[in-house]
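Asker: The structure's right below; bear with me while I get my questions together.
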Amino acid sequence: MGRSGSPDRNTILGFCAILLWSVTVALARSLSERIGPLTAGAAVYLTAAGFLGAHLVWKERSLRALRTLPRRYVVGCGALFVLYTVALFLALGLAADRRQTIEVGLLNYLWPTLTILFALVLLGQRADVGLIPGTLLALCGVFLVLTQDTGVTWQSFSVNIRRNPVAYGLGAFAAIAWALYSNLTRRWGGPDSRGAVLLFSLATGLVFGLLRLLHPEGGTWNIRVVAEVAVLAMATGLAYVFWDLAMRAGDVVLVAACSYLTPFFSTVVSCLYLRVQPGLSLWVGCVLIIAGSFLSWHSIRPATEESPPLAVR
């Protein structure tokens, strides 16, 4: 916080990162409809890698920071970053319609709760009894989201899943992958991991490009597609830069707590941009996911006094 008690510059940049990430679902779906998820992913992440590379060179005057990155971190977390992004883009692209896209997007937001659960094993974190209701609230939120416009029963839930098991499965896999990435980044990344996201974004763009060569997609490029690629790439790159600054020099606890509002912001942006009329159960489910994630986060107790609070994307 600043001297006057208001958030300082780096903390505000953390809030900006949260807002920038909120456009991902809407723009990724829009691009997938026009040029395909593989083409969209390749264009966005190669462009983002270019932006991140330019930023690193401008700030550090070289790319030498990349040489000091721990190999286990680069390989392990890099693989999880790529898997998460590919799974999420494919899940959003394979959704049967735009409403299902929002459902898949909210399913992906199980990762904050999963991050807490994995932290108990991977980081030696401890949790109080609040973790149980927090986890249950998040799961109930997903259950409500996936029973939209039908009776809130297990049968309606399973029927909805069977409508598109691949998209929902990839959405759930993305949540698991990012929860693992969030924990292993803290475990393997070390105190200074500048430039890693540049490598991860470049690898992601190349993997998307390779998949695109193996599975050609149709689509037409126009001014809107170029604009959406540019906006999503810039938003992605800036979000990672801002988040890094917030985690290093901002109020980590405050920014991490606010990050749990990302599902709400993402849902609002997606509904407006994709012109989807959400049902009541989606909003209630969204609130439950946020409340469950925040309660789970609040239940965490560091294993040692020196352990920093768990910060997540």
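Going by the structure tokens order, chains are called A, B, ..., each with residues numbered from 1, while ligands are numbered from 1 in the order shown.
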Please list as a PyMOL selection string every residue within 9 Å of Val284 in chain A, counting only C-alpha atoms and excluding residues in the same chain fewer than 6 positions away.
Answerer: chain A and resi 141+144-145
Asker: Would you save the residues from that selection as an mmCIF file, in the first residue's frame, using N, CA and C atoms?
Answerer:
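So selection_39.cif came out as:
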data_model
loop_
_atom_site.group_PDB
_atom_site.id
_atom_site.type_symbol
_atom_site.label_atom_id
_atom_site.label_comp_id
_atom_site.auth_asym_id
_atom_site.auth_seq_id
_atom_site.Cartn_x
_atom_site.Cartn_y
_atom_site.Cartn_z
ATOM 1 N N GLY A 141 -20.904 -24.807 -7.173
ATOM 2 C CA GLY A 141 -21.001 -23.787 -8.207
ATOM 3 C C GLY A 141 -20.864 -24.372 -9.595
ATOM 4 N N LEU A 144 -24.043 -26.255 -10.492
ATOM 5 C CA LEU A 144 -25.122 -25.360 -10.930
ATOM 6 C C LEU A 144 -24.885 -24.836 -12.347
ATOM 7 N N VAL A 145 -23.651 -24.458 -12.639
ATOM 8 C CA VAL A 145 -23.325 -23.947 -13.971
ATOM 9 C C VAL A 145 -23.639 -24.981 -15.041
#
Asker: Neighbours of range 133-139 of chain A within 6 Å (only C-alpha atoms; same-chain residues fewer than 4 positions away dropped), as a PDB file with C-alpha atoms, in the first residue's frame?
Answerer:
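Output below, filename part_0.pdb:
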ATOM      1  CA  LEU A 288     -20.374 -19.990  -5.459  1.00  0.00           C
ATOM      2  CA  ILE A 289     -17.160 -20.724  -7.364  1.00  0.00           C
ATOM      3  CA  GLY A 292     -15.523 -21.303  -2.520  1.00  0.00           C
ATOM      4  CA  LEU A 295     -12.752 -19.392   1.378  1.00  0.00           C
ATOM      5  CA  SER A 296     -10.263 -22.102   0.381  1.00  0.00           C
TER       6      SER A 296
END
Asker: What lies within 8 Å of Pro263 in chain A using only C-alpha atoms, ignoring chain neighbours under 2 positions off, as a count of residues only?
Answerer: 11
Asker: Which residues are close to Gly195 in chain A, i.e. within 10 Å by only C-alpha atoms, leaving aside same-chain residues fewer than 6 positions away? Reply as a PyMOL selection string.
Answerer: chain A and resi 52-53+55-57+60+63-69+241
Asker: Name the closest residue to Gly171 in chain A among the candidates A:Tyr73, A:Phe81, A:Phe264, A:Phe89; distances are taken between atoms, counting only C-alpha atoms.
Answerer: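 Ranked by minimum distance to Gly171 in chain A, first place goes to A:Phe89.
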Asker: Work out how far CA of Gly130 in chain A is from CA of Ala172 in chain A, in Å to one decimal.
Answerer: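 One can read the CA of Ala172 in chain A to CA of Gly130 in chain A distance as 23.3 Å.
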Asker: For a quick check of understanding, using only C-alpha atoms, which of A:Tyr240, A:Trp283, A:Phe118, A:Tyr273 has the smallest distance to Leu27 in chain A?
Answerer: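 Once distances to Leu27 in chain A are computed over only C-alpha atoms, the minimum belongs to A:Tyr273.
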Asker: Set the distance at 8 Å and use only C-alpha atoms: which residues neighbour Ala167 in chain A once local chain neighbours fewer than 6 positions away are removed? I'd like the list as an MDAnalysis selection string.
Answerer: chainID A and resid 90:92 94:95 104
Asker: Looking at A:Gly285, A:Trp243, A:His298, A:Ala127, which one is nearest to Val142 in chain A, with distances taken over only C-alpha atoms?
Answerer: A:Gly285
Asker: Kindly indicate which residue among A:Leu280, A:Leu206, A:Ala28, A:Leu146 lies nearest to Ala42 in chain A, using only C-alpha atoms for the distances.
Answerer: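 Smallest distance to Ala42 in chain A is found for A:Leu206.
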Asker: In Å to one decimal, how far is CA of Ile12 in chain A from CA of Ala179 in chain A?
Answerer: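 Atom-to-atom, CA of Ala179 in chain A to CA of Ile12 in chain A, that is 24.2 Å.
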Asker: Once DSSP has gone over the backbone, tell me which residues of range 117-310 of chain A are in alpha helix (DSSP H), as a VMD selection string.
Answerer: chain A and resid 117 to 122 131 to 145 154 to 163 165 to 188 196 to 214 223 to 249 252 to 258 262 to 274 280 to 298
Asker: Quick check, in Å to one decimal: how far apart do CA of Ser259 in chain A and CA of Leu180 in chain A lie?
Answerer: 17.2 Å
Asker: Find the residue from A:Phe200, A:Trp188, A:Tyr181, A:Trp21 that sits nearest to Leu46 in chain A; use only C-alpha atoms when measuring.
Answerer: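 Once distances to Leu46 in chain A are computed over only C-alpha atoms, the minimum belongs to A:Phe200.
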